[in-house]
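Listing of run_4.txt, compact mmCIF, C-alpha atoms
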# COMPACT_ATOMS: atom_id res chain seq x y z
CA MET A 1 82.72 -24.20 -31.02
CA ALA A 2 79.17 -24.27 -29.75
CA ARG A 3 77.05 -21.17 -30.12
CA ARG A 4 77.00 -19.08 -26.99
CA GLU A 5 73.50 -18.40 -25.73
CA VAL A 6 72.51 -14.75 -25.48
CA GLY A 7 71.64 -13.94 -21.92
CA GLU A 8 68.23 -12.50 -21.13
CA ILE A 9 68.05 -8.79 -20.41
CA ASN A 10 67.15 -8.15 -16.85
CA ALA A 11 63.94 -6.17 -16.87
CA GLY A 12 63.60 -6.04 -13.09
CA SER A 13 64.55 -2.36 -12.86
CA MET A 14 62.14 -1.33 -15.62
CA ALA A 15 59.42 -0.88 -13.04
CA ASP A 16 61.65 1.43 -11.01
CA ILE A 17 62.34 3.62 -14.03
CA ALA A 18 58.67 3.80 -14.88
CA PHE A 19 57.86 4.69 -11.26
CA LEU A 20 60.38 7.47 -11.36
CA LEU A 21 58.81 8.95 -14.49
CA LEU A 22 55.33 8.54 -13.04
CA ILE A 23 56.24 10.39 -9.87
CA PHE A 24 57.89 13.15 -11.88
CA PHE A 25 54.68 13.70 -13.84
CA LEU A 26 52.53 13.53 -10.74
CA VAL A 27 54.54 16.29 -9.11
CA THR A 28 54.97 18.69 -12.04
CA THR A 29 51.50 18.62 -13.54
CA THR A 30 47.99 19.61 -12.56
CA MET A 31 44.66 18.11 -13.46
CA GLU A 32 42.70 21.32 -13.90
CA VAL A 33 41.63 22.55 -17.30
CA ASP A 34 41.97 26.26 -17.92
CA ALA A 35 38.55 27.62 -18.67
CA GLY A 36 37.08 31.05 -18.40
CA ILE A 37 34.69 33.72 -19.62
CA ALA A 38 36.27 35.85 -22.34
CA ARG A 39 35.63 39.57 -22.29
CA GLN A 40 36.96 42.60 -24.10
CA LEU A 41 37.75 45.74 -22.15
CA PRO A 42 36.59 49.04 -23.63
CA ILE A 43 39.14 51.08 -25.55
CA LYS A 44 40.63 53.96 -23.63
CA LEU A 45 39.95 57.10 -25.64
CA ASP A 46 42.30 60.06 -25.40
CA ASN A 47 39.47 62.54 -25.66
CA PRO A 48 36.16 60.84 -24.92
CA PRO A 49 33.19 62.18 -26.86
CA GLU A 50 30.94 64.44 -24.86
CA GLN A 51 27.69 62.97 -23.68
CA ASP A 52 25.33 65.01 -25.79
CA ILE A 53 22.99 62.20 -26.73
CA GLU A 54 20.18 61.73 -24.32
CA ILE A 55 20.09 58.15 -23.19
CA ASN A 56 16.66 56.68 -22.81
CA MET A 57 16.61 54.83 -19.50
CA ARG A 58 14.59 51.97 -20.97
CA ASN A 59 17.70 51.01 -22.94
CA VAL A 60 19.85 50.57 -19.86
CA LEU A 61 19.62 47.56 -17.60
CA GLU A 62 21.38 48.57 -14.44
CA ILE A 63 22.69 45.72 -12.33
CA MET A 64 24.30 46.77 -9.11
CA ALA A 65 26.06 44.54 -6.63
CA ASN A 66 26.84 46.15 -3.31
CA SER A 67 29.48 45.41 -0.70
CA ASN A 68 27.18 42.97 1.10
CA ASP A 69 26.79 40.98 -2.11
CA GLU A 70 23.18 42.10 -2.48
CA LEU A 71 21.82 42.58 -5.96
CA LEU A 72 19.87 45.59 -7.16
CA VAL A 73 18.37 45.66 -10.62
CA GLU A 74 16.87 48.99 -11.63
CA ASN A 75 16.92 49.92 -7.94
CA ASP A 76 14.95 46.86 -6.79
CA PHE A 77 16.49 44.20 -4.60
CA ILE A 78 16.33 40.83 -6.35
CA GLU A 79 17.60 37.30 -5.82
CA ILE A 80 20.38 36.05 -8.08
CA ASP A 81 18.08 33.29 -9.39
CA ASP A 82 15.72 35.88 -10.89
CA LEU A 83 18.44 37.68 -12.81
CA GLN A 84 18.44 35.32 -15.78
CA GLU A 85 14.79 35.98 -16.52
CA ILE A 86 15.29 39.74 -16.32
CA VAL A 87 18.27 39.66 -18.70
CA MET A 88 16.29 37.43 -21.06
CA ASP A 89 13.40 39.92 -21.02
CA PHE A 90 15.84 42.73 -21.71
CA TYR A 91 16.81 41.03 -24.97
CA THR A 92 13.56 39.53 -26.14
CA VAL A 93 10.47 41.15 -24.65
CA ASN A 94 10.10 43.86 -27.32
CA ILE A 95 11.51 41.95 -30.28
CA ASP A 96 8.23 41.58 -32.13
CA GLN A 97 6.40 44.74 -31.16
CA LYS A 98 6.72 48.35 -32.12
CA ASP A 99 6.46 51.15 -29.58
CA SER A 100 5.70 48.85 -26.72
CA ASP A 101 5.12 50.30 -23.24
CA ILE A 102 7.30 47.73 -21.55
CA SER A 103 10.35 49.56 -20.28
CA MET A 104 12.91 47.47 -22.14
CA PRO A 105 14.85 48.28 -25.34
CA ASN A 106 13.01 48.46 -28.63
CA TYR A 107 14.12 46.83 -31.83
CA VAL A 108 14.79 48.60 -35.13
CA THR A 109 14.91 47.10 -38.59
CA ILE A 110 18.22 47.49 -40.39
CA ASN A 111 18.36 47.23 -44.17
CA GLU A 112 20.93 47.77 -46.89
CA SER A 113 20.25 51.47 -47.49
CA ILE A 114 20.70 52.32 -43.80
CA CYS A 115 24.03 50.46 -43.84
CA GLN A 116 25.19 52.33 -46.96
CA GLU A 117 24.29 55.63 -45.37
CA GLN A 118 26.23 54.88 -42.19
CA ILE A 119 29.24 53.59 -44.12
CA THR A 120 29.47 56.84 -46.09
CA PHE A 121 29.10 58.83 -42.87
CA PHE A 122 31.84 57.00 -40.97
CA THR A 123 34.17 56.85 -43.99
CA GLU A 124 34.11 60.64 -44.08
CA LYS A 125 34.55 60.87 -40.32
CA SER A 126 37.51 58.53 -40.25
CA GLN A 127 39.16 60.40 -43.12
CA GLU A 128 38.85 63.59 -41.13
CA GLU A 129 40.38 61.98 -38.03
CA PRO A 130 42.40 58.93 -39.10
CA ASP A 131 43.63 58.30 -35.55
CA ASN A 132 40.20 57.97 -33.99
CA LYS A 133 39.77 54.28 -33.19
CA LEU A 134 36.07 54.71 -32.48
CA TYR A 135 35.21 55.75 -36.06
CA GLU A 136 37.31 52.96 -37.46
CA SER A 137 35.57 50.29 -35.40
CA GLU A 138 32.13 51.76 -36.22
CA LEU A 139 32.99 51.66 -39.91
CA ASN A 140 33.99 48.01 -39.74
CA LYS A 141 30.84 47.20 -37.81
CA TRP A 142 28.59 48.75 -40.46
CA LYS A 143 30.44 46.94 -43.23
CA THR A 144 29.73 43.63 -41.49
CA LYS A 145 26.09 44.67 -41.08
CA LEU A 146 25.81 45.38 -44.79
CA GLU A 147 27.21 41.96 -45.64
CA LEU A 148 24.78 40.39 -43.19
CA CYS A 149 21.81 42.16 -44.82
CA GLN A 150 22.93 40.99 -48.23
CA ALA A 151 23.30 37.42 -47.02
CA LEU A 152 19.80 37.21 -45.55
CA PRO A 153 16.81 36.27 -47.70
CA THR A 154 14.79 39.14 -46.20
CA LYS A 155 17.64 41.63 -46.90
CA SER A 156 17.05 43.12 -43.48
CA TYR A 157 17.15 42.12 -39.84
CA LYS A 158 15.97 43.34 -36.48
CA GLU A 159 18.53 44.91 -34.24
CA ILE A 160 18.25 45.82 -30.60
CA ASN A 161 18.38 49.58 -29.98
CA LYS A 162 21.95 50.72 -30.42
CA GLN A 163 21.96 52.32 -26.98
CA ALA A 164 20.87 49.11 -25.27
CA VAL A 165 23.45 48.20 -22.67
CA ILE A 166 23.74 46.21 -19.52
CA GLN A 167 25.42 48.37 -16.95
CA LEU A 168 27.28 46.68 -14.12
CA LYS A 169 28.00 48.62 -10.99
CA ASN A 170 30.16 47.25 -8.24
CA GLN A 171 31.37 48.45 -4.91
CA SER A 172 34.88 47.77 -3.67
CA GLY A 173 33.62 45.10 -1.28
CA THR A 174 31.61 43.20 -3.90
CA SER A 175 33.02 39.71 -4.05
CA TYR A 176 34.58 38.49 -7.27
CA GLY A 177 32.47 35.33 -6.99
CA LEU A 178 29.24 37.31 -7.35
CA TYR A 179 30.71 39.38 -10.16
CA ILE A 180 31.51 36.23 -12.13
CA GLU A 181 28.08 34.81 -11.35
CA ILE A 182 26.47 37.90 -12.94
CA HIS A 183 28.73 37.63 -15.98
CA ASN A 184 27.92 33.94 -16.22
CA ILE A 185 24.18 34.57 -16.23
CA ILE A 186 24.48 37.25 -18.93
CA GLN A 187 26.67 34.92 -20.95
CA ARG A 188 24.16 32.10 -20.54
CA VAL A 189 21.33 34.24 -21.93
CA VAL A 190 23.47 35.49 -24.82
CA ASN A 191 24.57 31.95 -25.63
CA GLN A 192 20.99 30.66 -25.58
CA LEU A 193 19.89 33.38 -27.98
CA ARG A 194 22.87 32.84 -30.26
CA VAL A 195 22.32 29.09 -30.35
CA ALA A 196 18.71 29.71 -31.39
CA LYS A 197 19.72 32.31 -34.01
CA CYS A 198 22.44 30.04 -35.37
CA GLU A 199 19.94 27.23 -35.84
CA GLU A 200 17.30 29.52 -37.33
CA MET A 201 19.77 30.81 -39.92
CA GLY A 202 21.03 27.31 -40.71
CA TRP A 203 24.58 28.10 -39.65
CA GLY A 204 25.03 24.92 -37.63
CA ASN A 205 25.92 24.43 -34.00
CA TYR A 206 27.06 27.58 -32.22
CA PHE A 207 29.38 25.76 -29.84
CA GLU A 208 31.17 24.00 -32.68
CA LEU A 209 32.17 27.24 -34.38
CA LYS A 210 35.93 27.70 -34.44
CA PRO A 211 36.42 31.37 -35.35
CA GLU A 212 40.16 31.27 -34.56
CA ILE A 213 40.84 28.53 -37.07
CA ASN A 214 38.11 28.64 -39.66
CA GLU A 215 37.53 31.82 -41.65
CA GLU A 216 33.92 30.97 -42.48
CA ASP A 217 33.16 30.43 -38.81
CA ALA A 218 34.72 33.78 -38.01
CA ILE A 219 32.28 35.48 -40.39
CA ILE A 220 29.34 33.65 -38.82
CA MET A 221 30.56 34.64 -35.36
CA ASP A 222 30.82 38.30 -36.38
CA ARG A 223 27.26 38.19 -37.68
CA LEU A 224 25.95 36.53 -34.53
CA LYS A 225 27.63 39.22 -32.47
CA ILE A 226 25.61 41.79 -34.41
CA LEU A 227 22.33 39.88 -34.15
CA VAL A 228 22.78 39.19 -30.44
CA PRO A 229 25.26 41.74 -29.07
CA GLU A 230 26.63 41.46 -25.57
CA ARG A 231 27.00 45.05 -24.55
CA ILE A 232 28.18 45.24 -21.01
CA ILE A 233 29.59 48.41 -19.59
CA GLU A 234 31.14 48.64 -16.18
CA SER A 235 31.04 51.82 -14.20
CA LYS A 236 33.89 52.95 -12.00
CA ILE A 237 33.84 51.30 -8.62
CA GLN A 238 32.12 53.23 -5.88
CA ASN A 239 33.85 53.09 -2.52
CA MET B 1 50.58 -44.76 -0.76
CA SER B 2 53.25 -42.32 -1.75
CA LYS B 3 51.14 -40.43 -4.22
CA PHE B 4 50.21 -37.64 -1.84
CA LYS B 5 53.33 -37.76 0.19
CA LYS B 6 54.88 -34.42 0.80
CA ASP B 7 58.48 -34.49 -0.17
CA GLY B 8 59.88 -32.35 2.57
CA LYS B 9 60.13 -28.53 2.42
CA LYS B 10 58.66 -26.85 -0.66
CA ASP B 11 59.62 -23.28 -1.74
CA ILE B 12 56.80 -20.79 -2.19
CA PRO B 13 57.21 -19.51 -5.75
CA GLY B 14 57.97 -15.77 -6.02
CA VAL B 15 55.28 -13.42 -7.29
CA ASN B 16 55.71 -12.83 -10.97
CA THR B 17 56.48 -9.11 -11.37
CA SER B 18 57.20 -9.07 -15.06
CA ALA B 19 53.89 -7.30 -15.77
CA LEU B 20 54.57 -4.59 -13.20
CA PRO B 21 56.41 -2.24 -15.60
CA ASP B 22 53.49 -2.46 -18.01
CA ILE B 23 51.03 -1.44 -15.34
CA ILE B 24 53.19 1.46 -14.24
CA PHE B 25 53.69 2.60 -17.81
CA MET B 26 49.95 2.56 -18.30
CA LEU B 27 49.51 4.81 -15.26
CA LEU B 28 52.29 7.03 -16.54
CA PHE B 29 50.66 7.50 -19.93
CA PHE B 30 47.34 8.23 -18.29
CA PHE B 31 48.85 11.06 -16.26
CA MET B 32 50.82 12.40 -19.20
CA VAL B 33 47.64 12.71 -21.26
CA ALA B 34 45.21 13.86 -18.56
CA THR B 35 47.29 16.58 -16.94
CA THR B 36 48.99 19.80 -17.90
CA MET B 37 52.24 21.33 -16.70
CA LYS B 38 52.07 23.72 -13.77
CA GLU B 39 52.89 27.22 -14.94
CA VAL B 40 54.15 28.76 -11.74
CA GLU B 41 54.67 28.14 -8.07
CA MET B 42 51.62 29.59 -6.34
CA GLN B 43 52.20 32.34 -3.77
CA VAL B 44 48.52 33.08 -3.28
CA ASP B 45 45.61 30.84 -2.44
CA ILE B 46 42.95 30.77 -5.14
CA THR B 47 39.54 29.11 -5.13
CA LYS B 48 38.19 29.88 -8.56
CA PRO B 49 34.52 30.83 -8.96
CA VAL B 50 32.17 28.49 -10.77
CA ALA B 51 30.70 29.44 -14.16
CA ASP B 52 29.01 26.86 -16.34
CA GLN B 53 29.39 29.06 -19.42
CA ALA B 54 33.18 29.16 -19.12
CA LEU B 55 34.95 27.86 -22.21
CA PRO B 56 38.35 26.15 -22.24
CA ILE B 57 41.28 28.29 -23.33
CA GLU B 58 42.46 26.86 -26.63
CA ASN B 59 45.84 28.37 -27.29
CA LYS B 60 47.81 28.61 -24.07
CA ASP B 61 50.89 30.15 -25.68
CA MET B 62 48.86 33.27 -26.37
CA VAL B 63 47.83 33.81 -22.76
CA ASP B 64 49.42 35.55 -19.77
CA PHE B 65 48.16 34.75 -16.29
CA ILE B 66 47.61 37.17 -13.44
CA TYR B 67 46.81 35.62 -10.07
CA ILE B 68 44.98 37.51 -7.35
CA GLY B 69 44.27 35.97 -3.98
CA PHE B 70 45.16 35.88 -0.32
CA PRO B 71 48.86 35.23 0.29
CA ILE B 72 49.81 31.74 1.48
CA ASP B 73 52.84 33.08 3.34
CA ASN B 74 51.68 34.83 6.54
CA ASP B 75 54.51 37.37 6.32
CA ALA B 76 52.91 38.82 3.20
CA GLY B 77 49.92 40.12 5.14
CA THR B 78 46.24 39.28 5.03
CA GLN B 79 45.13 41.59 2.23
CA PRO B 80 44.64 40.18 -1.29
CA ARG B 81 47.81 40.38 -3.38
CA ILE B 82 48.64 40.15 -7.07
CA GLN B 83 51.03 37.47 -8.25
CA LEU B 84 52.86 38.06 -11.54
CA ASP B 85 54.80 34.99 -12.68
CA ASP B 86 56.56 33.65 -9.58
CA ARG B 87 56.53 36.81 -7.49
CA LEU B 88 54.05 38.88 -5.57
CA ALA B 89 53.69 42.36 -7.01
CA ASN B 90 54.17 45.31 -4.66
CA SER B 91 51.17 47.12 -6.07
CA TYR B 92 48.74 46.94 -8.95
CA LEU B 93 50.83 49.62 -10.69
CA ASP B 94 53.37 46.91 -11.62
CA VAL B 95 50.85 45.18 -13.86
CA SER B 96 51.22 47.33 -16.96
CA SER B 97 55.02 47.21 -17.03
CA TRP B 98 54.93 43.45 -16.43
CA LYS B 99 52.47 42.99 -19.29
CA ARG B 100 54.68 45.09 -21.56
CA MET B 101 57.65 42.91 -20.63
CA LYS B 102 55.71 39.81 -21.64
CA GLU B 103 55.35 40.99 -25.24
CA ARG B 104 57.07 38.52 -27.51
CA GLU B 105 58.06 38.37 -31.16
CA GLY B 106 55.34 39.76 -33.36
CA LEU B 107 52.81 39.86 -30.55
CA THR B 108 51.86 43.07 -28.83
CA ALA B 109 50.04 43.37 -25.53
CA PHE B 110 46.83 43.72 -27.53
CA ASP B 111 47.17 40.27 -29.13
CA ILE B 112 47.96 38.37 -25.97
CA VAL B 113 44.97 37.46 -23.83
CA THR B 114 45.30 38.15 -20.11
CA SER B 115 43.68 35.48 -17.98
CA LEU B 116 42.67 36.69 -14.53
CA LYS B 117 42.76 33.90 -11.99
CA VAL B 118 41.11 35.44 -9.00
CA ASP B 119 39.91 33.98 -5.72
CA LYS B 120 36.15 34.25 -5.43
CA GLY B 121 36.38 35.95 -2.04
CA VAL B 122 38.49 38.87 -3.25
CA GLY B 123 36.83 42.28 -3.44
CA MET B 124 36.29 44.00 -6.77
CA ARG B 125 38.53 46.98 -6.00
CA ILE B 126 41.82 45.22 -6.77
CA VAL B 127 40.38 43.48 -9.84
CA SER B 128 39.15 46.79 -11.18
CA ASP B 129 42.55 48.43 -10.58
CA VAL B 130 44.25 45.66 -12.55
CA LYS B 131 41.79 45.98 -15.43
CA GLU B 132 42.38 49.72 -15.56
CA GLN B 133 46.14 49.07 -15.81
CA LEU B 134 45.54 46.70 -18.71
CA ARG B 135 43.33 49.25 -20.47
CA ASP B 136 46.09 51.84 -20.20
CA ILE B 137 48.35 49.76 -22.44
CA ASP B 138 45.60 48.54 -24.78
CA ALA B 139 45.72 44.96 -23.51
CA LEU B 140 41.99 44.64 -23.96
CA LYS B 141 41.48 40.91 -24.35
CA ILE B 142 40.87 39.37 -20.97
CA ASN B 143 39.52 36.10 -19.68
CA TYR B 144 37.96 35.58 -16.26
CA SER B 145 39.17 32.17 -15.18
CA ALA B 146 36.48 29.95 -13.68
CA ASN B 147 35.73 26.30 -13.08
CA GLN B 148 33.12 24.82 -15.35
CA THR B 149 31.65 22.65 -12.63
CA GLU B 150 31.50 22.64 -8.85

Would it be possible to restate this file's structure as structure tokens?
Amino acid sequence: MARREVGEINAGSMADIAFLLLIFFLVTTTMEVDAGIARQLPIKLDNPPEQDIEINMRNVLEIMANSNDELLVENDFIEIDDLQEIVMDFYTVNIDQKDSDISMPNYVTINESICQEQITFFTEKSQEEPDNKLYESELNKWKTKLELCQALPTKSYKEINKQAVIQLKNQSGTSYGLYIEIHNIIQRVVNQLRVAKCEEMGWGNYFELKPEINEEDAIIMDRLKILVPERIIESKIQN
Amino acid sequence: MSKFKKDGKKDIPGVNTSALPDIIFMLLFFFMVATTMKEVEMQVDITKPVADQALPIENKDMVDFIYIGFPIDNDAGTQPRIQLDDRLANSYLDVSSWKRMKEREGLTAFDIVTSLKVDKGVGMRIVSDVKEQLRDIDALKINYSANQTE
């Protein structure tokens, strides 16, 4: 008997199947990439420490956005385009001078012995009150600072005044768009400074650090956060 | 001269469609790679603010999303509302219990980042109320969602 020829498979409906899948994916998916500015909210303390330390106003950069989306920095109206320069000044203007008259935060030099002192102090404190999260986080911070000092060739580094903060004040009508714009500008300045620091220290490219995955990168990130801290506090909303 | 003689009616050959599936498959793969699954059905309208310093969220399994915007459905009023998963929340007070409910094996509210997707026209009052709720339960890691470019 002659061999029977195998019939060809009809591929005509293949296109229909592929169309079906294509339409399914078009409907159920979105193009947008999830991106955002990461922030950490302050810890809620059960019994907040009393404000007995006098805060020097030069260490506070007050940025206020009112309900009309107008911007006041240190009680002066400014345009949003000028904010970046002001924030940059806040971080850098006094970095190389002692006792400057410019009303922006001063820098202090941190070395190993200061770190040791603080570690002993906070170890005692946290043993007295083991539940106090504030002492625990301070202790960890000083331990990182000690390691940083030891890693540097100069065995010391310059740190912005520990009271230096950027204070954001909003009103209930302030638009979220403006709020994010302010955060974005602060973040841009901090990133610029960290990129420069990272290069100066020979730690590579700041934006290629993967602290979640790589342990070494996490250490570098912790150190950069100490060298260029982003201290933003947000006051309670007024009306 | 019969060389150019037309021999009656001639059928127009059909268009060859055998390459069509390949083209469609190519499109399909493009969309599969370039897009992500929608998380929820949106109940509020959100135009995200623009921030060039925004960084992509790496690990989406470790993130909860809170949406705040103006309701799409007119019956829900004209004031900004909070959407938790597929439903509109009655008030911002629901946020902390919702966030507690989202805790999953081995992960507490503290470990899971909360991404706030907020319309840029919304006032800060509601955003601040939500943040205060998150602070109450120690869910301190937050992410302000924004588009990287216009």

- Note on the structure: Between B:Val33, B:Leu107, B:Leu93, B:Ile72, smallest distance to chain A by all atoms listed in the file belongs to B:Val33

- Mind checking which residues fall within 10 Å of Asp85 in chain B, counting only C-alpha atoms, ignoring those fewer than 5 positions away in the same chain, and posting them as a ChimeraX atom specification? /B:39-43,64-67,98

- Which is closer to Asp222 in chain A than all the others in A:Ile186, A:Ile119, A:Cys198, A:Ile9, using all atoms listed in the file? A:Cys198

- Looking at A:Ile95, A:Ile237, A:Cys149, A:Ile63, which one is nearest to Ser113 in chain A, with distances taken over all atoms listed in the file? A:Cys149

Within 6 Å of (38.8, 35.7, -22.5), in the coordinates the file gives, what residues turn up when you count all atoms listed in the file, written out as an mmCIF file with C-alpha atoms, keeping the file's coordinate frame?
data_model
loop_
_atom_site.group_PDB
_atom_site.id
_atom_site.type_symbol
_atom_site.label_atom_id
_atom_site.label_comp_id
_atom_site.auth_asym_id
_atom_site.auth_seq_id
_atom_site.Cartn_x
_atom_site.Cartn_y
_atom_site.Cartn_z
ATOM 1 C CA ILE A 37 34.690 33.720 -19.620
ATOM 2 C CA ALA A 38 36.270 35.850 -22.340
ATOM 3 C CA ARG A 39 35.630 39.570 -22.290
ATOM 4 C CA ILE B 142 40.870 39.370 -20.970
ATOM 5 C CA ASN B 143 39.520 36.100 -19.680
#

- Expected residue set, 12 Å radius at (35.9, 29.0, -24.0), only C-alpha atoms, as a PyMOL selection string: (chain A and resi 33-39+187+191+207-212) or (chain B and resi 51-60+115+142-148)

Each chain A residue no farther than 7 Å from chain B, nearest pair in Å, all atoms listed in the file, as a tab-separated table:
residue	atom	partner	partner_atom	distance
A:Met14	CA	B:Pro21	CA	5.8
A:Ala15	CA	B:Pro21	CA	4.2
A:Ala18	CA	B:Phe25	CA	5.9
A:Phe19	CA	B:Ile24	CA	6.4
A:Leu22	CA	B:Leu28	CA	4.9
A:Phe25	CA	B:Met32	CA	6.7
A:Thr28	CA	B:Met37	CA	6.0
A:Thr29	CA	B:Met37	CA	4.2
A:Thr30	CA	B:Thr35	CA	5.4
A:Met31	CA	B:Thr35	CA	4.6
A:Val33	CA	B:Pro56	CA	6.9
A:Asp34	CA	B:Pro56	CA	5.6
A:Ala35	CA	B:Pro56	CA	3.9
A:Gly36	CA	B:Ser145	CA	4.0
A:Ile37	CA	B:Ala54	CA	4.8
A:Ala38	CA	B:Asn143	CA	4.2
A:Arg39	CA	B:Ile142	CA	5.4
A:Gln40	CA	B:Lys141	CA	4.8
A:Leu41	CA	B:Leu140	CA	4.7
A:Pro42	CA	B:Leu140	CA	7.0
A:Ile43	CA	B:Arg135	CA	6.8
A:Lys44	CA	B:Arg135	CA	6.3
A:Gln171	CA	B:Met124	CA	6.9
A:Ser172	CA	B:Arg125	CA	4.4
A:Gly173	CA	B:Gly123	CA	4.8
A:Thr174	CA	B:Gly123	CA	5.3
A:Ser175	CA	B:Gly123	CA	4.6
A:Tyr176	CA	B:Lys120	CA	4.9
A:Gly177	CA	B:Lys120	CA	4.1
A:Ile180	CA	B:Pro49	CA	6.9
A:Glu181	CA	B:Ala51	CA	6.6
A:Asn184	CA	B:Ala51	CA	5.7
A:Gln187	CA	B:Gln53	CA	6.6
A:Arg188	CA	B:Gln53	CA	6.2
A:Ile237	CA	B:Arg125	CA	6.9

Output C-alpha atoms of each residue in that selection to a file, as a PDB file, in the frame of the given file.
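result13.pdb, freshly written:
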ATOM      1  CA  MET A  14      62.140  -1.330 -15.620  1.00  0.00           C
ATOM      2  CA  ALA A  15      59.420  -0.880 -13.040  1.00  0.00           C
ATOM      3  CA  ALA A  18      58.670   3.800 -14.880  1.00  0.00           C
ATOM      4  CA  PHE A  19      57.860   4.690 -11.260  1.00  0.00           C
ATOM      5  CA  LEU A  22      55.330   8.540 -13.040  1.00  0.00           C
ATOM      6  CA  PHE A  25      54.680  13.700 -13.840  1.00  0.00           C
ATOM      7  CA  THR A  28      54.970  18.690 -12.040  1.00  0.00           C
ATOM      8  CA  THR A  29      51.500  18.620 -13.540  1.00  0.00           C
ATOM      9  CA  THR A  30      47.990  19.610 -12.560  1.00  0.00           C
ATOM     10  CA  MET A  31      44.660  18.110 -13.460  1.00  0.00           C
ATOM     11  CA  VAL A  33      41.630  22.550 -17.300  1.00  0.00           C
ATOM     12  CA  ASP A  34      41.970  26.260 -17.920  1.00  0.00           C
ATOM     13  CA  ALA A  35      38.550  27.620 -18.670  1.00  0.00           C
ATOM     14  CA  GLY A  36      37.080  31.050 -18.400  1.00  0.00           C
ATOM     15  CA  ILE A  37      34.690  33.720 -19.620  1.00  0.00           C
ATOM     16  CA  ALA A  38      36.270  35.850 -22.340  1.00  0.00           C
ATOM     17  CA  ARG A  39      35.630  39.570 -22.290  1.00  0.00           C
ATOM     18  CA  GLN A  40      36.960  42.600 -24.100  1.00  0.00           C
ATOM     19  CA  LEU A  41      37.750  45.740 -22.150  1.00  0.00           C
ATOM     20  CA  PRO A  42      36.590  49.040 -23.630  1.00  0.00           C
ATOM     21  CA  ILE A  43      39.140  51.080 -25.550  1.00  0.00           C
ATOM     22  CA  LYS A  44      40.630  53.960 -23.630  1.00  0.00           C
ATOM     23  CA  GLN A 171      31.370  48.450  -4.910  1.00  0.00           C
ATOM     24  CA  SER A 172      34.880  47.770  -3.670  1.00  0.00           C
ATOM     25  CA  GLY A 173      33.620  45.100  -1.280  1.00  0.00           C
ATOM     26  CA  THR A 174      31.610  43.200  -3.900  1.00  0.00           C
ATOM     27  CA  SER A 175      33.020  39.710  -4.050  1.00  0.00           C
ATOM     28  CA  TYR A 176      34.580  38.490  -7.270  1.00  0.00           C
ATOM     29  CA  GLY A 177      32.470  35.330  -6.990  1.00  0.00           C
ATOM     30  CA  ILE A 180      31.510  36.230 -12.130  1.00  0.00           C
ATOM     31  CA  GLU A 181      28.080  34.810 -11.350  1.00  0.00           C
ATOM     32  CA  ASN A 184      27.920  33.940 -16.220  1.00  0.00           C
ATOM     33  CA  GLN A 187      26.670  34.920 -20.950  1.00  0.00           C
ATOM     34  CA  ARG A 188      24.160  32.100 -20.540  1.00  0.00           C
ATOM     35  CA  ILE A 237      33.840  51.300  -8.620  1.00  0.00           C
TER      36      ILE A 237
END

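You will find CA of Leu139 in chain A at 5.6 Å from CA of Phe122 in chain A.
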
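When CA of Met64 in chain A is paired with CA of Val95 in chain B, their separation reads 27.0 Å.
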
- Distance of CA of Ile166 in chain A from CA of Met88 in chain A, expressed in Å to one decimal place: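 Pair CA of Met88 in chain A / CA of Ile166 in chain A returns 11.6 Å.
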
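The shortest atom-to-atom distance to Lys143 in chain A, with only C-alpha atoms taken into account, belongs to A:Ile226 out of A:Ile226, A:Leu71, A:Leu21, A:Ala218.
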
- Message: Please determine, counting all atoms listed in the file, which residue among A:His183, A:Lys98, A:Lys158, A:Lys169 has the shortest atom-to-atom distance to Lys197 in chain A.
- Response: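 Of all the options, A:Lys158 lies closest to Lys197 in chain A.
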
- Item | Selected residue of minimal separation from Val63 in chain B among B:Ile12, B:Val130, B:Met101, B:Ile112, counting only C-alpha atoms |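 The shortest atom-to-atom distance to Val63 in chain B comes from B:Ile112.
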
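Omitting Ile114 in chain A and its sequence neighbours fewer than 2 positions away, and counting all atoms listed in the file, the residues within 12 Å are Val108, Thr109, Ile110, Asn111, Glu112, Gln116, Glu117, Gln118, Ile119, Thr120, Phe121, Trp142, Lys143, Lys145, Leu146, Cys149, Lys155, Ser156 and Tyr157 of chain A.
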
Using the partial input, fill out range 140-146 of chain B with N, CA and C atoms; write the result as a JSON list (two decimals), keeping the file's coordinate frame.
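The result, written out as part38.json:
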[["chain", "number", "residue", "atom", "x", "y", "z"],
["B", 140, "LEU", "N", 43.42, 44.64, -24.21],
["B", 140, "LEU", "CA", 41.99, 44.64, -23.96],
["B", 140, "LEU", "C", 41.37, 43.25, -23.86],
["B", 141, "LYS", "N", 42.09, 42.25, -24.36],
["B", 141, "LYS", "CA", 41.48, 40.91, -24.35],
["B", 141, "LYS", "C", 41.74, 40.26, -23.00],
["B", 142, "ILE", "N", 40.67, 40.02, -22.25],
["B", 142, "ILE", "CA", 40.87, 39.37, -20.97],
["B", 142, "ILE", "C", 39.96, 38.15, -20.86],
["B", 143, "ASN", "N", 40.27, 37.33, -19.90],
["B", 143, "ASN", "CA", 39.52, 36.10, -19.68],
["B", 143, "ASN", "C", 39.40, 35.89, -18.18],
["B", 144, "TYR", "N", 38.16, 35.83, -17.69],
["B", 144, "TYR", "CA", 37.96, 35.58, -16.26],
["B", 144, "TYR", "C", 37.98, 34.08, -16.03],
["B", 145, "SER", "N", 39.03, 33.62, -15.39],
["B", 145, "SER", "CA", 39.17, 32.17, -15.18],
["B", 145, "SER", "C", 38.12, 31.65, -14.20],
["B", 146, "ALA", "N", 37.50, 30.53, -14.55],
["B", 146, "ALA", "CA", 36.48, 29.95, -13.68],
["B", 146, "ALA", "C", 36.42, 28.45, -13.93]]
